[in-house]
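Text of the file protein14.cif, holding mmCIF, C-alpha atoms (C1' of nucleotides):
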data_start
#
loop_
_atom_site.label_atom_id
_atom_site.label_comp_id
_atom_site.auth_asym_id
_atom_site.auth_seq_id
_atom_site.Cartn_x
_atom_site.Cartn_y
_atom_site.Cartn_z
CA MET A 73 0.00 0.00 0.00
CA PRO A 74 1.18 3.55 -0.70
CA THR A 75 2.83 5.51 2.06
CA SER A 76 0.25 7.80 3.56
CA PRO A 77 0.85 11.41 2.48
CA SER A 78 3.23 12.85 5.02
CA PRO A 79 1.31 14.94 7.55
CA ARG A 80 1.95 18.63 7.34
CA GLY A 81 2.09 20.38 10.69
CA ARG A 82 3.17 19.44 14.17
CA ARG A 83 2.94 15.75 15.01
CA PRO A 84 0.86 14.37 17.88
CA ASP A 85 3.04 13.85 20.91
CA PRO A 86 3.25 10.15 21.87
CA ALA A 87 4.06 11.17 25.42
CA VAL A 88 0.66 12.83 25.63
CA ASP A 89 -1.00 9.66 24.34
CA GLU A 90 0.66 7.70 27.05
CA LYS A 91 -0.08 10.19 29.81
CA ILE A 92 -3.76 10.08 28.91
CA ARG A 93 -3.90 6.29 28.83
CA ALA A 94 -2.20 6.08 32.20
CA ALA A 95 -4.49 8.67 33.73
CA VAL A 96 -7.67 6.95 32.55
CA LEU A 97 -6.46 3.58 33.73
CA ALA A 98 -5.61 4.97 37.15
CA LEU A 99 -8.95 6.75 37.47
CA LEU A 100 -10.74 3.63 36.29
CA LEU A 101 -9.22 1.54 39.03
CA GLU A 102 -9.69 4.20 41.68
CA ARG A 103 -13.21 5.31 41.01
CA GLY A 104 -14.72 3.29 38.20
CA LEU A 105 -16.24 4.62 35.02
CA GLU A 106 -17.52 7.78 36.59
CA MET A 107 -14.90 10.31 35.69
CA THR A 108 -15.18 13.64 33.95
CA MET A 109 -13.13 14.55 30.93
CA ASP A 110 -11.69 17.45 32.93
CA GLU A 111 -10.45 15.02 35.55
CA VAL A 112 -8.79 12.91 32.92
CA ALA A 113 -7.05 15.91 31.42
CA ALA A 114 -6.02 17.25 34.82
CA ARG A 115 -4.77 13.87 36.00
CA ALA A 116 -2.77 13.46 32.81
CA GLY A 117 -1.38 16.96 33.15
CA VAL A 118 -2.62 17.71 29.68
CA GLY A 119 -4.96 20.10 27.97
CA ARG A 120 -8.59 19.20 27.68
CA ALA A 121 -8.44 19.64 23.92
CA SER A 122 -5.67 17.06 23.57
CA VAL A 123 -7.96 14.45 25.05
CA PHE A 124 -10.80 15.29 22.69
CA ARG A 125 -8.43 15.33 19.72
CA ARG A 126 -7.62 11.66 20.39
CA TYR A 127 -11.03 10.49 21.47
CA GLY A 128 -13.99 12.23 19.96
CA THR A 129 -16.16 11.06 22.78
CA LYS A 130 -15.97 9.93 26.35
CA ARG A 131 -17.42 6.66 25.16
CA ASP A 132 -14.52 6.17 22.74
CA LEU A 133 -12.06 6.85 25.50
CA LEU A 134 -13.64 4.34 27.84
CA LEU A 135 -14.14 1.75 25.13
CA ASP A 136 -10.45 1.86 24.32
CA THR A 137 -9.44 1.72 27.95
CA MET A 138 -11.77 -1.14 28.83
CA GLY A 139 -10.48 -3.04 25.83
CA ARG A 140 -6.90 -2.74 27.01
CA LEU A 141 -7.92 -3.70 30.52
CA LEU A 142 -9.68 -6.89 29.43
CA ASP A 143 -6.99 -8.00 27.04
CA VAL A 144 -4.98 -9.91 29.59
CA HIS A 145 -3.41 -13.10 28.41
CA VAL A 146 -3.94 -16.15 30.53
CA ALA A 147 -1.68 -19.15 30.92
CA ILE A 148 -2.82 -22.39 29.33
CA PRO A 149 -2.70 -25.21 31.85
CA ASP A 150 -1.45 -28.72 31.15
CA THR A 151 -1.81 -30.71 34.34
CA GLY A 152 -2.35 -34.05 32.61
CA SER A 153 -6.04 -34.40 33.38
CA LEU A 154 -9.08 -32.50 32.21
CA ALA A 155 -10.25 -32.04 35.79
CA GLY A 156 -6.93 -30.49 36.72
CA ASP A 157 -6.83 -28.24 33.69
CA LEU A 158 -10.40 -27.15 34.21
CA ARG A 159 -9.73 -26.32 37.83
CA GLN A 160 -6.98 -24.05 36.61
CA VAL A 161 -9.12 -22.35 33.99
CA VAL A 162 -12.03 -21.84 36.35
CA ALA A 163 -9.75 -20.57 39.09
CA ASP A 164 -8.19 -18.08 36.66
CA THR A 165 -11.59 -16.87 35.60
CA LEU A 166 -12.56 -16.45 39.23
CA ALA A 167 -9.36 -14.64 40.13
CA VAL A 168 -10.56 -11.32 38.75
CA TRP A 169 -13.42 -11.24 41.21
CA ARG A 170 -11.23 -11.77 44.26
CA ASP A 171 -9.59 -8.40 43.88
CA ASP A 172 -12.07 -5.77 45.02
CA ARG A 173 -10.97 -3.07 42.62
CA LEU A 174 -10.87 -5.39 39.64
CA ALA A 175 -14.23 -6.83 40.60
CA ALA A 176 -15.74 -3.35 40.75
CA VAL A 177 -14.36 -2.43 37.35
CA SER A 178 -15.51 -5.73 35.86
CA ARG A 179 -19.01 -5.15 37.15
CA GLN A 180 -19.08 -1.71 35.60
CA VAL A 181 -17.71 -2.89 32.29
CA LEU A 182 -20.37 -5.57 32.13
CA GLY A 183 -22.83 -2.89 33.08
CA GLU A 184 -21.78 -0.78 30.13
CA ALA A 185 -22.10 -3.84 27.92
CA GLY A 186 -25.73 -3.99 28.91
CA ARG A 187 -26.43 -0.49 27.68
CA ASP A 188 -23.99 -0.08 24.81
CA PRO A 189 -23.91 -2.72 22.08
CA GLU A 190 -20.41 -1.72 21.02
CA VAL A 191 -19.11 -2.41 24.48
CA ALA A 192 -20.94 -5.73 24.41
CA ASP A 193 -19.22 -6.57 21.12
CA MET A 194 -15.86 -5.67 22.55
CA VAL A 195 -16.38 -7.77 25.65
CA ARG A 196 -17.73 -10.68 23.67
CA THR A 197 -14.85 -10.66 21.21
CA THR A 198 -12.25 -10.38 23.93
CA MET A 199 -13.80 -13.15 25.98
CA ARG A 200 -14.17 -15.51 23.04
CA GLU A 201 -10.59 -14.93 21.98
CA ARG A 202 -9.37 -15.68 25.44
CA MET A 203 -11.55 -18.79 25.60
CA THR A 204 -10.51 -20.25 22.28
CA ARG A 205 -6.89 -19.88 23.31
CA SER A 206 -7.44 -22.54 25.97
CA TRP A 207 -9.18 -25.01 23.70
CA VAL A 208 -6.00 -27.04 23.37
CA VAL A 209 -7.00 -28.28 26.79
CA TYR A 210 -10.18 -29.77 25.42
CA ASP A 211 -8.47 -31.27 22.39
CA ARG A 212 -6.10 -33.11 24.68
CA ALA A 213 -8.99 -34.19 26.91
CA ILE A 214 -10.87 -35.66 23.98
CA GLU A 215 -7.79 -37.62 22.95
CA ARG A 216 -7.51 -38.95 26.49
CA GLY A 217 -11.17 -39.90 26.43
CA GLU A 218 -12.06 -37.54 29.28
CA LEU A 219 -14.43 -35.43 27.22
CA ARG A 220 -17.17 -36.30 24.78
CA PRO A 221 -15.81 -35.76 21.26
CA ASP A 222 -19.03 -34.07 20.24
CA ALA A 223 -19.12 -31.78 23.25
CA ASP A 224 -20.38 -28.24 22.57
CA LEU A 225 -17.33 -26.38 23.76
CA TRP A 226 -19.03 -23.00 23.61
CA LEU A 227 -21.70 -24.32 25.90
CA LEU A 228 -19.08 -25.66 28.26
CA THR A 229 -17.09 -22.45 28.43
CA ASP A 230 -20.13 -20.19 28.55
CA LEU A 231 -21.60 -22.21 31.38
CA PHE A 232 -18.80 -21.38 33.75
CA ALA A 233 -18.07 -17.95 32.33
CA GLY A 234 -21.76 -17.19 32.74
CA LEU A 235 -21.82 -18.48 36.27
CA VAL A 236 -18.88 -16.32 37.25
CA VAL A 237 -20.20 -13.25 35.47
CA TYR A 238 -23.69 -13.71 36.88
CA ARG A 239 -22.52 -14.08 40.44
CA GLY A 240 -19.97 -11.35 40.13
CA LEU A 241 -22.43 -8.92 38.63
CA LEU A 242 -25.05 -9.50 41.30
CA GLY A 243 -22.59 -9.59 44.17
CA ILE A 244 -23.11 -13.23 45.03
CA GLY A 245 -20.07 -14.95 46.50
CA PRO A 246 -18.01 -16.94 44.01
CA PRO A 247 -18.58 -20.68 43.78
CA GLY A 248 -16.03 -23.27 44.86
CA VAL A 249 -13.74 -24.32 42.05
CA ASP A 250 -14.08 -28.04 42.68
CA ALA A 251 -17.85 -27.92 42.79
CA VAL A 252 -17.98 -26.14 39.45
CA VAL A 253 -15.58 -28.54 37.77
CA ASP A 254 -17.44 -31.52 39.13
CA ALA A 255 -20.78 -30.17 37.96
CA LEU A 256 -19.42 -29.45 34.49
CA LEU A 257 -17.88 -32.89 34.09
CA HIS A 258 -20.51 -35.10 35.66
CA GLY A 259 -23.66 -33.06 36.05
CA PHE A 260 -26.15 -33.22 38.87
CA ALA A 261 -27.71 -36.59 38.17
CA PRO A 262 -26.61 -39.44 40.43
CA GLN A 263 -23.38 -41.14 39.31
CA GLY A 264 -23.97 -43.74 36.62
CA GLY A 265 -27.68 -43.10 36.88
CA VAL A 266 -29.49 -43.53 33.63
CA GLU A 267 -32.41 -41.25 33.12
CA GLN A 268 -35.82 -42.82 32.74
CA HIS A 269 -38.40 -40.91 30.75
CA MET B 227 -48.36 -0.06 66.28
CA PRO B 228 -50.10 3.33 66.53
CA THR B 229 -52.02 4.62 63.58
CA SER B 230 -49.86 7.09 61.73
CA PRO B 231 -51.03 10.66 62.44
CA SER B 232 -53.65 11.43 59.86
CA PRO B 233 -52.14 13.54 57.07
CA ARG B 234 -53.29 17.12 57.06
CA GLY B 235 -53.89 18.53 53.61
CA ARG B 236 -54.98 17.18 50.28
CA ARG B 237 -54.31 13.47 49.71
CA PRO B 238 -52.14 12.13 46.90
CA ASP B 239 -54.24 11.12 43.95
CA PRO B 240 -53.98 7.36 43.27
CA ALA B 241 -54.90 7.99 39.65
CA VAL B 242 -51.76 10.05 39.26
CA ASP B 243 -49.70 7.24 40.79
CA GLU B 244 -51.07 4.89 38.24
CA LYS B 245 -50.64 7.23 35.30
CA ILE B 246 -46.99 7.68 36.18
CA ARG B 247 -46.37 3.95 36.55
CA ALA B 248 -47.99 3.25 33.21
CA ALA B 249 -46.04 6.00 31.48
CA VAL B 250 -42.68 4.80 32.78
CA LEU B 251 -43.44 1.23 31.85
CA ALA B 252 -44.44 2.22 28.35
CA LEU B 253 -41.36 4.36 27.87
CA LEU B 254 -39.20 1.61 29.28
CA LEU B 255 -40.41 -0.87 26.72
CA GLU B 256 -40.26 1.62 23.89
CA ARG B 257 -36.91 3.21 24.44
CA GLY B 258 -35.19 1.63 27.39
CA LEU B 259 -33.87 3.37 30.45
CA GLU B 260 -32.97 6.53 28.64
CA MET B 261 -35.91 8.77 29.34
CA THR B 262 -36.07 12.22 30.81
CA MET B 263 -38.24 13.13 33.74
CA ASP B 264 -40.04 15.64 31.54
CA GLU B 265 -40.93 12.90 29.12
CA VAL B 266 -42.33 10.79 31.93
CA ALA B 267 -44.46 13.65 33.19
CA ALA B 268 -45.62 14.58 29.70
CA ARG B 269 -46.43 10.98 28.79
CA ALA B 270 -48.36 10.57 32.02
CA GLY B 271 -50.19 13.83 31.41
CA VAL B 272 -49.08 14.98 34.80
CA GLY B 273 -47.07 17.79 36.30
CA ARG B 274 -43.37 17.38 36.64
CA ALA B 275 -43.59 18.10 40.37
CA SER B 276 -45.98 15.23 40.92
CA VAL B 277 -43.40 12.81 39.66
CA PHE B 278 -40.71 14.21 41.92
CA ARG B 279 -43.09 14.19 44.88
CA ARG B 280 -43.40 10.41 44.53
CA TYR B 281 -39.87 9.59 43.52
CA GLY B 282 -37.17 11.81 44.88
CA THR B 283 -34.84 10.69 42.17
CA LYS B 284 -34.86 9.27 38.69
CA ARG B 285 -33.00 6.32 40.12
CA ASP B 286 -35.84 5.66 42.57
CA LEU B 287 -38.35 5.81 39.79
CA LEU B 288 -36.44 3.34 37.64
CA LEU B 289 -35.64 1.04 40.55
CA ASP B 290 -39.32 0.75 41.36
CA THR B 291 -40.28 0.21 37.75
CA MET B 292 -37.61 -2.39 37.10
CA GLY B 293 -38.66 -4.21 40.23
CA ARG B 294 -42.25 -4.45 39.06
CA LEU B 295 -41.10 -5.54 35.64
CA LEU B 296 -38.98 -8.40 36.96
CA ASP B 297 -41.52 -9.62 39.44
CA VAL B 298 -43.27 -11.96 37.04
CA HIS B 299 -44.46 -15.21 38.50
CA VAL B 300 -43.56 -18.32 36.64
CA ALA B 301 -45.45 -21.58 36.50
CA ILE B 302 -43.94 -24.53 38.32
CA PRO B 303 -43.69 -27.53 36.04
CA ASP B 304 -44.53 -31.10 37.01
CA THR B 305 -43.92 -33.27 33.98
CA GLY B 306 -43.01 -36.38 35.93
CA SER B 307 -39.29 -36.35 35.19
CA LEU B 308 -36.51 -34.01 36.19
CA ALA B 309 -35.37 -33.68 32.60
CA GLY B 310 -38.85 -32.61 31.57
CA ASP B 311 -39.24 -30.16 34.42
CA LEU B 312 -35.82 -28.70 33.79
CA ARG B 313 -36.57 -28.25 30.13
CA GLN B 314 -39.57 -26.23 31.18
CA VAL B 315 -37.66 -24.08 33.65
CA VAL B 316 -34.82 -23.41 31.25
CA ALA B 317 -37.23 -22.64 28.44
CA ASP B 318 -39.08 -20.18 30.68
CA THR B 319 -35.85 -18.47 31.61
CA LEU B 320 -34.93 -18.27 27.96
CA ALA B 321 -38.29 -16.91 26.93
CA VAL B 322 -37.52 -13.37 28.02
CA TRP B 323 -34.68 -13.14 25.54
CA ARG B 324 -36.78 -14.18 22.56
CA ASP B 325 -38.83 -11.01 22.65
CA ASP B 326 -36.66 -8.21 21.30
CA ARG B 327 -38.09 -5.49 23.48
CA LEU B 328 -37.93 -7.55 26.64
CA ALA B 329 -34.42 -8.64 25.79
CA ALA B 330 -33.34 -5.04 25.37
CA VAL B 331 -34.85 -4.03 28.69
CA SER B 332 -33.31 -7.02 30.43
CA ARG B 333 -29.90 -6.12 29.09
CA GLN B 334 -30.26 -2.59 30.35
CA VAL B 335 -31.50 -3.67 33.77
CA LEU B 336 -28.52 -5.99 34.12
CA GLY B 337 -26.40 -3.11 32.95
CA GLU B 338 -27.71 -0.92 35.73
CA ALA B 339 -27.03 -3.74 38.17
CA GLY B 340 -23.39 -3.52 37.17
CA ARG B 341 -23.15 0.12 38.11
CA ASP B 342 -25.64 0.47 40.96
CA PRO B 343 -25.41 -1.94 43.91
CA GLU B 344 -29.02 -1.30 44.90
CA VAL B 345 -30.20 -2.41 41.50
CA ALA B 346 -27.98 -5.45 41.83
CA ASP B 347 -29.59 -6.23 45.19
CA MET B 348 -33.03 -5.87 43.70
CA VAL B 349 -32.25 -8.13 40.78
CA ARG B 350 -30.56 -10.71 42.96
CA THR B 351 -33.43 -10.84 45.44
CA THR B 352 -36.04 -11.09 42.72
CA MET B 353 -34.15 -13.80 40.88
CA ARG B 354 -33.52 -15.85 44.00
CA GLU B 355 -37.14 -15.64 45.03
CA ARG B 356 -38.25 -16.79 41.65
CA MET B 357 -35.72 -19.62 41.72
CA THR B 358 -36.60 -20.95 45.15
CA ARG B 359 -40.23 -21.08 44.10
CA SER B 360 -39.34 -23.86 41.66
CA TRP B 361 -37.35 -25.90 44.10
CA VAL B 362 -40.25 -28.27 44.60
CA VAL B 363 -39.10 -29.64 41.30
CA TYR B 364 -35.78 -30.64 42.76
CA ASP B 365 -37.31 -32.10 45.90
CA ARG B 366 -39.42 -34.37 43.77
CA ALA B 367 -36.43 -35.28 41.61
CA ILE B 368 -34.40 -36.27 44.65
CA GLU B 369 -37.25 -38.52 45.84
CA ARG B 370 -37.33 -40.13 42.41
CA GLY B 371 -33.58 -40.64 42.52
CA GLU B 372 -32.97 -38.40 39.52
CA LEU B 373 -30.89 -35.88 41.39
CA ARG B 374 -28.07 -36.22 43.88
CA PRO B 375 -29.49 -35.57 47.34
CA ASP B 376 -26.49 -33.43 48.22
CA ALA B 377 -26.67 -31.39 45.03
CA ASP B 378 -25.83 -27.70 45.42
CA LEU B 379 -29.08 -26.28 44.11
CA TRP B 380 -27.81 -22.73 43.98
CA LEU B 381 -24.98 -23.91 41.79
CA LEU B 382 -27.43 -25.73 39.56
CA THR B 383 -29.77 -22.79 39.15
CA ASP B 384 -27.02 -20.20 38.84
CA LEU B 385 -25.32 -22.25 36.17
CA PHE B 386 -28.18 -21.94 33.76
CA ALA B 387 -29.32 -18.53 34.90
CA GLY B 388 -25.75 -17.38 34.42
CA LEU B 389 -25.52 -18.91 31.00
CA VAL B 390 -28.68 -17.21 29.88
CA VAL B 391 -27.75 -13.86 31.39
CA TYR B 392 -24.23 -14.00 30.01
CA ARG B 393 -25.32 -14.80 26.48
CA GLY B 394 -28.18 -12.36 26.59
CA LEU B 395 -26.03 -9.56 27.90
CA LEU B 396 -23.35 -10.04 25.26
CA GLY B 397 -25.76 -10.65 22.44
CA ILE B 398 -24.82 -14.26 21.85
CA GLY B 399 -27.61 -16.43 20.53
CA PRO B 400 -29.44 -18.43 23.18
CA PRO B 401 -28.43 -22.06 23.71
CA GLY B 402 -30.65 -24.98 22.85
CA VAL B 403 -32.80 -26.09 25.74
CA ASP B 404 -32.03 -29.79 25.39
CA ALA B 405 -28.30 -29.23 25.24
CA VAL B 406 -28.40 -27.19 28.44
CA VAL B 407 -30.51 -29.72 30.32
CA ASP B 408 -28.30 -32.56 29.18
CA ALA B 409 -25.16 -30.74 30.22
CA LEU B 410 -26.60 -29.92 33.64
CA LEU B 411 -27.73 -33.46 34.30
CA HIS B 412 -24.84 -35.47 32.89
CA GLY B 413 -21.96 -33.10 32.32
CA PHE B 414 -19.45 -33.17 29.53
CA ALA B 415 -17.51 -36.28 30.50
CA PRO B 416 -18.25 -39.41 28.45
CA GLN B 417 -21.27 -41.36 29.72
CA GLY B 418 -20.37 -43.62 32.61
CA GLY B 419 -16.77 -42.58 32.28
CA VAL B 420 -14.93 -42.53 35.56
CA GLU B 421 -12.34 -39.88 35.89
CA GLN B 422 -8.76 -41.00 36.33
CA HIS B 423 -6.41 -38.65 38.11
"C1'" DC C 12 14.18 31.18 5.88
"C1'" DT C 13 9.37 31.59 5.49
"C1'" DC C 14 4.89 29.92 5.30
"C1'" DA C 15 1.18 26.90 6.01
"C1'" DT C 16 -0.45 23.52 8.97
"C1'" DT C 17 -1.38 21.02 12.96
"C1'" DC C 18 -0.18 20.18 17.44
"C1'" DT C 19 -0.56 21.96 22.82
"C1'" DG C 20 -2.57 24.05 26.87
"C1'" DA C 21 -6.10 27.45 28.35
"C1'" DT C 22 -10.46 29.40 28.51
"C1'" DA C 23 -15.06 30.39 27.32
"C1'" DC C 24 -19.38 28.93 25.45
"C1'" DT C 25 -23.63 25.93 24.31
"C1'" DC C 26 -26.82 22.47 25.47
"C1'" DG C 27 -29.36 18.75 27.78
"C1'" DC C 28 -31.11 17.24 31.86
"C1'" DA C 29 -31.68 16.17 37.03
"C1'" DG C 30 -33.06 18.31 40.88
"C1'" DT C 31 -35.02 22.61 43.42
"C1'" DA C 32 -37.94 26.47 44.19
"C1'" DT C 33 -42.10 29.09 43.57
"C1'" DC C 34 -46.91 30.15 42.23
"C1'" DC C 35 -51.72 29.46 42.17
"C1'" DG C 36 -55.74 26.81 42.43
"C1'" DA C 37 -57.87 22.59 44.45
"C1'" DT C 38 -58.83 19.50 48.22
"C1'" DA C 39 -59.10 17.75 52.75
"C1'" DC C 40 -58.49 17.60 57.82
"C1'" DC C 41 -59.35 20.36 62.26
"C1'" DG D 166 -62.32 29.16 58.02
"C1'" DG D 167 -57.58 28.08 58.70
"C1'" DT D 168 -53.87 25.51 57.32
"C1'" DA D 169 -51.33 22.08 55.17
"C1'" DT D 170 -50.61 19.26 51.20
"C1'" DC D 171 -51.47 17.98 46.43
"C1'" DG D 172 -51.77 19.23 41.45
"C1'" DG D 173 -50.04 21.57 37.29
"C1'" DA D 174 -46.87 25.03 35.39
"C1'" DT D 175 -42.72 27.42 34.98
"C1'" DA D 176 -38.33 29.30 36.12
"C1'" DC D 177 -33.86 28.58 38.09
"C1'" DT D 178 -29.35 26.09 39.49
"C1'" DG D 179 -25.58 22.97 38.79
"C1'" DC D 180 -22.93 19.70 36.38
"C1'" DG D 181 -20.65 17.79 32.71
"C1'" DA D 182 -20.05 16.56 27.57
"C1'" DG D 183 -18.90 18.45 23.50
"C1'" DT D 184 -17.49 22.78 20.59
"C1'" DA D 185 -15.02 26.98 19.52
"C1'" DT D 186 -11.26 29.97 19.76
"C1'" DC D 187 -6.64 31.58 20.85
"C1'" DA D 188 -1.68 32.13 21.26
"C1'" DG D 189 2.50 29.65 21.21
"C1'" DA D 190 5.34 25.63 19.63
"C1'" DA D 191 6.74 22.21 16.28
"C1'" DT D 192 7.33 20.50 11.64
"C1'" DG D 193 7.25 19.75 6.61
"C1'" DA D 194 7.01 22.19 1.90
"C1'" DG D 195 9.06 25.35 -1.17
#

For the file at hand, write its structure as structure tokens.
Amino acid sequence: MPTSPSPRGRRPDPAVDEKIRAAVLALLLERGLEMTMDEVAARAGVGRASVFRRYGTKRDLLLDTMGRLLDVHVAIPDTGSLAGDLRQVVADTLAVWRDDRLAAVSRQVLGEAGRDPEVADMVRTTMRERMTRSWVVYDRAIERGELRPDADLWLLTDLFAGLVVYRGLLGIGPPGVDAVVDALLHGFAPQGGVEQH
Amino acid sequence: MPTSPSPRGRRPDPAVDEKIRAAVLALLLERGLEMTMDEVAARAGVGRASVFRRYGTKRDLLLDTMGRLLDVHVAIPDTGSLAGDLRQVVADTLAVWRDDRLAAVSRQVLGEAGRDPEVADMVRTTMRERMTRSWVVYDRAIERGELRPDADLWLLTDLFAGLVVYRGLLGIGPPGVDAVVDALLHGFAPQGGVEQH
DNA sequence: CTCATTCTGATACTCGCAGTATCCGATACC
DNA sequence: GGTATCGGATACTGCGAGTATCAGAATGAG
């Protein structure tokens, strides 16, 4: 592709970019989504106009910041058994909600997702990317015969992601890791029980 | 307790109460939570002050309205088998998200729950009440031997409530009822498979 | 070097809306 | 009849997002 026509006047200062990002992130962790644009500018030690030149809207600013906050890479476990790996994955998912500040921010981000479809898209995409990254775990489990080959992996992942999100959002204490893993693997019917209909 | 001292002047007009409630509900379904107090008053054909006399705050008004909206009683199934009953319960939970307007409102209510702890409390309480009402189903299932007697029922209910909420909130298509029920009852491990560790 | 252009911080302005205050007429208790 | 509250209407206050403007600095074009 052709080099973009070289910009004429003064170039945007990358240091300002960074100062703004840092300020928003700090404010987000301290006080949640409720910040004014003036606070952001002040905290960044930057002119109000410089913020609006980069983000046309407060929504844009927060969308970008929330995106960066959610995009945390997670280690892929390999404990040798599906139960072990799942425990790890579930525990990782739960970890966010143990830290009070992170939990508060997560709640608010999910809250925004409820009112702003673009935020919902962002969250969904980020979550799904993170999830698919750990699907090696399920491939291995199927090879070992610990997981049904035809299992609906989206259903599996969404079941525990949903549980965690639901409880976190409504302020219900997090579930025990082992109980969740056991429920996901074996369900609530009695062991070996075959359902009559 | 003593009768409250009889109020002195003119009494609040119940008709006005009702007109306001109806107006908010209508606006809520039409356009979601984003309504102005002037719109509410205008739609109700009522003075602005009369709205503020009843609800000191927009938040109060919406909290009350959302509460009434969520407080829908649900039939308790009795199909003769746990799988059948569960299908019914899951389908009922899913039903809300099939109607576009209701889905939109639900998303926004959950969104508010993320940012306002009082809304979260209200939603949690309402949901839990509705859930416990259908626990007869599980009692019967345990008697029939279709459910582990020591099953964590909150985990069971929150798993599918969470799934539905999570997918609804992020705009992911709803899961199939049968797949959910099957996963809850038997899990994702191969049938009869015993986990090695 | 000079000029045009776009950045930067600062300040002032518009606009929408929640919440408050005030008026005047109506209604109800004492 | 006196007084307190409700009802509708309207004006005012306060806050914060977004816009406009300005003077000074930086940078590429010619």

Atom CA of Leu254 of chain B and atom CA of Ala268 of chain B are how many Å apart?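 Those two atoms sit 14.5 Å apart.
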
Using all atoms listed in the file, find the residues of chain C whose closest atom to chain A is at most 9 Å away, then write them as a list in words.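 So the residues of chain C near chain A are DA15, DT16, DT17, DC18, DT19, DG20 and DA21 of chain C.
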
Residue among B:Ala252, B:Glu244, B:Ala267, B:Ala405 lying closest to chain D, counting all atoms listed in the file: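 Using all atoms listed in the file, chain D sits closest to B:Ala267.
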
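Residue nearest chain B, chosen from A:Trp226, A:Trp169, A:Tyr210, A:Phe260 and counting all atoms listed in the file: A:Phe260.
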
Across A:Met138, A:Ala167, A:Leu154, A:Val144, the smallest distance to chain B, with only C-alpha atoms counted, is shown by A:Leu154

Might you spell out which residues the PyMOL selection byres ((chain B and resi 404) around 12) would select in the displayed file, as a list in words? Leu227 of chain A; Ala309, Gly310, Asp311, Leu312, Arg313, Gln314, Val315, Val316, Ala317, Pro400, Pro401, Gly402, Val403, Ala405, Val406, Val407, Asp408, Ala409, Leu410, Leu411 and His412 of chain B

Please report as a tab-separated table every residue of chain D lying within 8 Å of chain B, along with the nearest atom pair and their distance in Å (one decimal), using all atoms listed in the file.
residue	atom	partner	partner_atom	distance
D:DT168	C1'	B:Gly235	CA	7.9
D:DA169	C1'	B:Gly235	CA	4.6
D:DT170	C1'	B:Gly235	CA	4.1
D:DC171	C1'	B:Arg236	CA	5.3
D:DG172	C1'	B:Ser276	CA	7.1
D:DG173	C1'	B:Gly273	CA	4.9
D:DA174	C1'	B:Gly273	CA	7.3

Show me, as a PyMOL selection string, the residues of chain B whose atoms get within 6 Å of chain A, using only C-alpha atoms for the distance check. chain B and resi 333-334+337-338+340-341+346+350+372-374+385+388-389+392+395-396+410-416+418

Got time to write the residues from that selection, C-alpha atoms, as a PDB file, in the frame of the given file?
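What ended up in out_12.pdb:
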ATOM      1  CA  ARG B 333     -29.900  -6.120  29.090  1.00  0.00           C
ATOM      2  CA  GLN B 334     -30.260  -2.590  30.350  1.00  0.00           C
ATOM      3  CA  GLY B 337     -26.400  -3.110  32.950  1.00  0.00           C
ATOM      4  CA  GLU B 338     -27.710  -0.920  35.730  1.00  0.00           C
ATOM      5  CA  GLY B 340     -23.390  -3.520  37.170  1.00  0.00           C
ATOM      6  CA  ARG B 341     -23.150   0.120  38.110  1.00  0.00           C
ATOM      7  CA  ALA B 346     -27.980  -5.450  41.830  1.00  0.00           C
ATOM      8  CA  ARG B 350     -30.560 -10.710  42.960  1.00  0.00           C
ATOM      9  CA  GLU B 372     -32.970 -38.400  39.520  1.00  0.00           C
ATOM     10  CA  LEU B 373     -30.890 -35.880  41.390  1.00  0.00           C
ATOM     11  CA  ARG B 374     -28.070 -36.220  43.880  1.00  0.00           C
ATOM     12  CA  LEU B 385     -25.320 -22.250  36.170  1.00  0.00           C
ATOM     13  CA  GLY B 388     -25.750 -17.380  34.420  1.00  0.00           C
ATOM     14  CA  LEU B 389     -25.520 -18.910  31.000  1.00  0.00           C
ATOM     15  CA  TYR B 392     -24.230 -14.000  30.010  1.00  0.00           C
ATOM     16  CA  LEU B 395     -26.030  -9.560  27.900  1.00  0.00           C
ATOM     17  CA  LEU B 396     -23.350 -10.040  25.260  1.00  0.00           C
ATOM     18  CA  LEU B 410     -26.600 -29.920  33.640  1.00  0.00           C
ATOM     19  CA  LEU B 411     -27.730 -33.460  34.300  1.00  0.00           C
ATOM     20  CA  HIS B 412     -24.840 -35.470  32.890  1.00  0.00           C
ATOM     21  CA  GLY B 413     -21.960 -33.100  32.320  1.00  0.00           C
ATOM     22  CA  PHE B 414     -19.450 -33.170  29.530  1.00  0.00           C
ATOM     23  CA  ALA B 415     -17.510 -36.280  30.500  1.00  0.00           C
ATOM     24  CA  PRO B 416     -18.250 -39.410  28.450  1.00  0.00           C
ATOM     25  CA  GLY B 418     -20.370 -43.620  32.610  1.00  0.00           C
TER      26      GLY B 418
END

By how many Å are atom CA of Val300 of chain B and atom CA of Ala248 of chain B apart? 22.3 Å

Hits from the PyMOL selection byres ((chain C and resi 31) around 10), listed as a list in words: DA29, DG30, DA32 and DT33 of chain C; DC177 and DT178 of chain D

Would you compute the distance between atom CA of Met109 of chain A and atom CA of Leu174 of chain A? Give it in Å to one decimal.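 Between these atoms lies a distance of 21.9 Å.
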